[in-house]
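Novice: Handing you a structure now.
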Amino acid sequence: MQAAVQESETLVRPIHTAVPGRARYKVAGLQRSAPLKQVVEAGLAGRRGVRYVAASDLTGNVLVLFDPSRPLDEITAMLAELLRAATPAPGAAPGGRRLRRLIGHGAAQAEKPWHVLGAEVALAALDSDPGLGLGSARAAQRLQKYGPNVLPEAVPRSGFSILAGQFKSLPVGLLAASALVSVFTGGLLDALVIMGVVLINGGIGYATESQAEKTIAALSGVTRPVARARRDGQARDIPVDELVPGDILVLAPGAYVGADARLIEARQLSVDESALTGESLPAAKRAGRLSRGDVPLADRANMVYMGTLVTGGQGLAVVVATGRHTEIGRIQALVGEARPPATPMEQQLDVMGNRMVLLGAGVCGLVFGLGLLRGYAFLPMLKTAISLAVAAVPEGLPTVATTTLVLGIRRMRAHQVLIRHLDAVEALGAMQVICLDKTGTITLNRMSVVDIHTGLRDLDVAEGELLLDRDPVDPILNDELMRLMHVAVLCNESEVCRLDGGYALRGSPTENALVQLALDAGVDVLRLRRDFPRLHVEYRAEHRNFMGTVHARQDGRRLVAVKGSPAEVLAMCGCYVCDGERRSLSEGARQAIEMANERMAGNALRVLGVAYAETDADAVVTEDLVWLGLVGMADPLRHGVRELVGRFHDAGIDTVIITGDQSATAYAIGRSVDLSRGGELQILDSSALTALAPEVLKTLAPRVHVFARVSPAHKLQIVQALQASGRVVAMTGDGINDGPALKAADIGIAMGHTGTDVARRVADVVLEDDNLQTMIEAVSQGRTIYDNIRKSVHFLLATNLSEIVVMTGAIAAGMGQPLSPMQLLWINLVTDIFPGLALSLEAPEPDVLRRPPRDPAEPFVQGADFRRIGFEAAMISAGTLGAYGYGLHRYGPGPQAGTLAFMSLTLAQFLQAISNRSENHSVFDHERLPPNPSLRLAVGGSFAAQLLAALLPGLRRFLGMAAMRPADALVIGGGALLPFLVNETSKRQRRRQGASPSNRSAPARAGRQIP
């Protein structure tokens, strides 16, 4: 036996055997092999002495639970024998042909230390050519073999689990216990009604939560990302799910890394790996091999991983793992069954519901004790206490919250606002600052050249067309204007396609504008690029605000073309071109160029500096360049942005512009949209920002209107500084450089059409129509959702508390029991559920965008709210007890008096639902609330059910009611209407005094002047 164990050690290695009857093994070839996992589990299950087997193709481990009386060596040999049985011939090595076939799918993607292998070794192992990539036929074969490159999806919750989840809360537990006690005390009918309440709530909760699951699940399939890869020798966009091992990924800024890959080339490459490692700053990458195999994931500089995003530089990488075999795939598979967590609001409501259960149980115990002291029989008082406990439990709270959040998401989707997380709905209602990216958000992101400064002169550009006096002759030896346009076309990523009667441009708005300028001037752009083929390119990077390209000349030398930040490009220049000849760049000439730059920027233009050099080197040179001039481009404001900023200000939301543009340009944009609300506009640029300590920036940031010339790291710092000052911050953006800030903000808002994959994937909110105007609608809906949940909670607490006060007060005063157990259950069934849900469907109130945002630090229900709830409950109780007292005086104790109390309390609660439509507005105000058909239906239906209870003899007897006289109706009406009038009058009084709960808000922004 021992020899067999030793022989099998190459296949099976025990790693944890300390617990008798429990062993964990490492099995060769199991990792990432689903077929072998099935063989192991099926082969061991049912073996004598084996109680449980679980194999993991993610970890390569097998857990075996067995009879402790069986020797461990026997279990080990049994597992090894199962694996050896896969070998087809005697003497074959362990893990032979059949075993390799079982491993099959995962073997080619088995976990290897790719980071310690050289790039050539990795390419050879994957049989891939970095210049050609895979052929289409071979890629199709590998796709069929390995399967689509998709992550394992979380197992959706079954309908049964969702339904069962409705009955796991403490309130439902109390109701079930009450029903059980009712059965044992002979109250079978009471028990049926109690369980009816439970089932109705459970059914509503099931319907709403199922819809929530579908809504959230639908968000995961919003986009189908693509990756740039080489196929058949050409770089092309390939859907990520079609990537296979051996594909060559082409990495450039903004690219989504579609699979785990080993870098072959890396030129100043940086990747945002925060989705995988949690580190906020982009990771620098290089292609060289690492010497150690135990390097943490975050430090594997020669690897890129699925789900990450390229933020700078460029590179090539060979795919080594796809789908569930990637690092992020392993993580997602290990998570198993996933479900969106409860939002903070839902958690507060759960806590509140549990506290109400404990409070209700305590009060019911008090009522039961008082009843016994008053001489009531034990069994009737027990039934009454149980019924009161049922009535006191606000079991509808979680259902209300879930329903309101899900319906809110659906309403916003109808307005082209995609909410990716439930938390974002709550945050929208508390948003205090919105940071606006200028390009593409405030402006149209449609650039056109409107001003040129070259040869120390300004040249006219009329409506985007340059007025030329002569045709171009030679791309390099002509005057400074033609050289400027040619360099701007060469140092450019826009693709130009010739069409019938014109050209089609594909690229960024800025670069398209430069190409369009040259086309309008008669430049043959396609010929120019053929004559000067590009050999090398260096993109903008975190600390390099310019782009440079190297081109081959016909004489064998190299042409370096540079464009970017005017200040940085000018600093690299030693001369300039004027009247077709080079001149030394004197201090006076530099000052003239800087003044022209300031003038253009002051006119809200985006300004680029253009320069070139002639060299023998194949790299971009950064000194002794020849200055060609400035190009000023205009990006017009989006229609209605100024009015939108004003609406944000009216809603108490501060607006801030964060942009990479120059200070003068940013200042002009901020002034044009009135960011400072008519006051002095405060601006801070990157030079000052870099010098500020975090604690100083935290104090200063809330006073600044415009942050200019900022980098992605600066945007992140600004958002974090505003958050550190106690603000709920929203950040809008559409570009790669907005990604870190979008992710860090409380609410990240991306553009759906023009936004990059980077922005859309990290954002909480996506504006599908790219219209920032819809953002104010989202804020309105966010505030309304929060208000509606408060209204429903207010209603449920006030009405439930009124039932407790009525019963406790009457028994304590010796007035008997005004309500029977069945009547309490009826009230809970008829008046709580549907009116409470209907309140959660209220439309936005007229002044929802004229109120300041709420303070996110305050609890959902505060002390002032509880006092108001207590006052309203007391008024309802007073009206009910008054009607009951009248009944006792006229009819004496019995069903007649109880009927008056029952009807009065029920109708008062219907009116309370109408009163709770607004915390600010009374139904008697001139500014009427928008209609709520759902509430009309809920209250009307409940009222009809109550009338049937009073009129139908059979139902009347079931509830223990007596027939009413006309005078009784007046008493009931007075008992129900009086609390309503008092509550509405007090609401108006509170509003005049400015003490309405809805007027609570975060502290207003401090003085805007920077000391």
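Letters A, B, ... mark the chains of the structure tokens in the order given; residue numbers begin at 1 per chain; ligand numbers begin at 1, in order shown.
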So that I can check the surroundings of A:Thr659, please list as a list in words every protein, DNA and RNA residue that reaches within 9 Å of it, counting only C-alpha atoms and ignoring chain neighbours fewer than 6 positions away.

Specialist: Leu436, Asp437, Lys438, Thr439, Ala666, Val706, Phe707, Ala708, Arg709, Val710, Ser711 and Lys715 of chain A

Novice: Given the selection you just returned, output its residues as a file containing N, CA and C atoms, formatted as a compact mmCIF listing (two decimals), in the first residue's frame.

Specialist:
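Heads up, here's the output in again.txt:
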# COMPACT_ATOMS: atom_id res chain seq x y z
N LEU A 436 -17.80 69.19 -13.82
CA LEU A 436 -18.08 69.05 -15.24
C LEU A 436 -16.79 69.06 -16.04
N ASP A 437 -16.56 68.01 -16.79
CA ASP A 437 -15.46 68.01 -17.75
C ASP A 437 -15.88 68.90 -18.92
N LYS A 438 -14.97 69.75 -19.37
CA LYS A 438 -15.36 70.72 -20.39
C LYS A 438 -15.61 70.08 -21.75
N THR A 439 -14.58 69.45 -22.30
CA THR A 439 -14.66 68.95 -23.67
C THR A 439 -15.59 67.76 -23.76
N ALA A 666 -10.27 77.94 -19.99
CA ALA A 666 -11.20 77.44 -18.98
C ALA A 666 -11.92 78.59 -18.29
N VAL A 706 -13.17 76.74 -11.18
CA VAL A 706 -12.54 76.17 -12.37
C VAL A 706 -11.15 75.64 -11.99
N PHE A 707 -10.89 74.38 -12.36
CA PHE A 707 -9.56 73.80 -12.25
C PHE A 707 -9.06 73.59 -13.67
N ALA A 708 -7.91 74.21 -14.02
CA ALA A 708 -7.43 74.20 -15.39
C ALA A 708 -6.10 73.46 -15.50
N ARG A 709 -5.83 72.98 -16.71
CA ARG A 709 -4.57 72.29 -17.06
C ARG A 709 -4.29 71.12 -16.12
N VAL A 710 -5.32 70.37 -15.82
CA VAL A 710 -5.17 69.29 -14.85
C VAL A 710 -4.91 67.97 -15.57
N SER A 711 -4.21 67.08 -14.89
CA SER A 711 -3.94 65.73 -15.38
C SER A 711 -4.97 64.79 -14.77
N LYS A 715 -7.34 65.34 -11.40
CA LYS A 715 -8.79 65.21 -11.33
C LYS A 715 -9.18 64.32 -10.14

Novice: Quick one: residues within 7 Å of stretch 967-982 of chain A, only C-alpha atoms, excluding same-chain residues fewer than 4 positions away - as a list in words?

Specialist: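 Skipping anything fewer than 4 positions along the chain leaves Met875, Ile876, Gly879, Thr880, Gly882, Ala883, Leu900, Met903, Ser904, Leu905, Leu907, Ala908, Leu911, Gln912 and Ser986 of chain A.
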
Novice: Write the selection just made, keeping C-alpha atoms, as an mmCIF file, in the first residue's frame?

Specialist:
data_model
loop_
_atom_site.group_PDB
_atom_site.id
_atom_site.type_symbol
_atom_site.label_atom_id
_atom_site.label_comp_id
_atom_site.auth_asym_id
_atom_site.auth_seq_id
_atom_site.Cartn_x
_atom_site.Cartn_y
_atom_site.Cartn_z
ATOM 1 C CA MET A 875 -54.146 63.144 16.602
ATOM 2 C CA ILE A 876 -55.441 60.019 14.849
ATOM 3 C CA GLY A 879 -60.081 61.203 16.986
ATOM 4 C CA THR A 880 -60.551 57.434 17.244
ATOM 5 C CA GLY A 882 -63.240 60.365 20.814
ATOM 6 C CA ALA A 883 -65.509 58.374 18.504
ATOM 7 C CA LEU A 900 -67.272 53.519 15.703
ATOM 8 C CA MET A 903 -64.393 52.832 11.198
ATOM 9 C CA SER A 904 -62.978 56.083 12.530
ATOM 10 C CA LEU A 905 -59.428 54.716 12.782
ATOM 11 C CA LEU A 907 -60.857 56.264 7.588
ATOM 12 C CA ALA A 908 -58.364 58.436 9.494
ATOM 13 C CA LEU A 911 -56.780 60.443 5.049
ATOM 14 C CA GLN A 912 -53.319 60.125 6.586
ATOM 15 C CA SER A 986 -49.832 72.200 11.456
#

Novice: So, with only C-alpha atoms as the atoms that count, which of A:Ala283, A:Gly863, A:Gly885, A:Leu444 lies closest to A:Gln817?

Specialist: A:Gly885

Novice: For a test of reading the model, state the distance in Å between atom CA of A:Ile827 and atom CA of A:Thr799, rounded to one decimal.

Specialist: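 Taking atom CA of A:Ile827 and atom CA of A:Thr799, their separation equals 9.7 Å.
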
Novice: Considering only C-alpha atoms, state which residue in the set A:Ala592, A:Ala77, A:Leu824, A:Val319 is at the smallest distance from A:Asp247.

Specialist: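 Going through A:Ala592, A:Ala77, A:Leu824, A:Val319 one by one, the smallest distance to A:Asp247 is for A:Val319.
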
Novice: Between atom CA of A:Val569 and atom CA of A:Gln662, what is the spacing in Å?

Specialist: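 Calculated distance between atom CA of A:Gln662 and atom CA of A:Val569 is 14.0 Å.
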
Novice: How many Å lie between atom CA of A:Val19 and atom CA of A:Ala42, rounded to one decimal?

Specialist: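 The value is 23.8 Å.
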
Novice: For A:Arg292, which residue out of A:Tyr305, A:Leu407, A:Pro113, A:Phe368 is the nearest one, using only C-alpha atoms?

Specialist: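 Going through A:Tyr305, A:Leu407, A:Pro113, A:Phe368 one by one, the smallest distance to A:Arg292 is for A:Pro113.
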
Novice: Rank A:Ala897, A:Leu79, A:Ile658, A:Leu585 by their smallest atom-to-atom distance to A:Gly670, using only C-alpha atoms, and report the top residue only.

Specialist: A:Ile658

Novice: Among stretch 523-613 of chain A, which ones does DSSP place in strand (DSSP E), written as a ChimeraX atom specification?

Specialist: /A:534-538,546-552,558-564,573-578,581-584,606-613

Novice: Which residues, written as a PyMOL selection string, have at least one atom at most 12 Å from A:Val626, with only C-alpha atoms counted and residues fewer than 6 positions away on the same chain left out?

Specialist: chain A and resi 454-455+476+480+483-484+487+559-563+569-578+581-585+609-615

Novice: Extract the full set of alpha helix (DSSP H) residues from stretch 662-808 of chain A according to DSSP on the backbone, and format it as a ChimeraX atom specification.

Specialist: /A:663-672,686-691,694-700,712-724,739-744,757-762,773-808

Novice: Which of these, A:Val226, A:Cys435, A:Met482, A:Leu151, has the shortest distance to A:Val728 once you count only C-alpha atoms?

Specialist: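 Under the stated criterion, the closest residue is A:Cys435.
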
Novice: What lies within 10 Å of A:Val489 using only C-alpha atoms, ignoring chain neighbours under 6 positions off, as a list in words?

Specialist: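 Listing them by chain and then by number gives Arg483, Glu511, Asn512, Ala513, Leu514, Val515, Gln516, Leu517, Ala518, Leu519, Val523, Val525, Leu526, Leu528, Arg529 and Ala561 of chain A.
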
Novice: Using only C-alpha atoms, which of A:Arg236, A:Val250, A:Val496, A:Met306 sits nearest A:Thr326?

Specialist: A:Met306
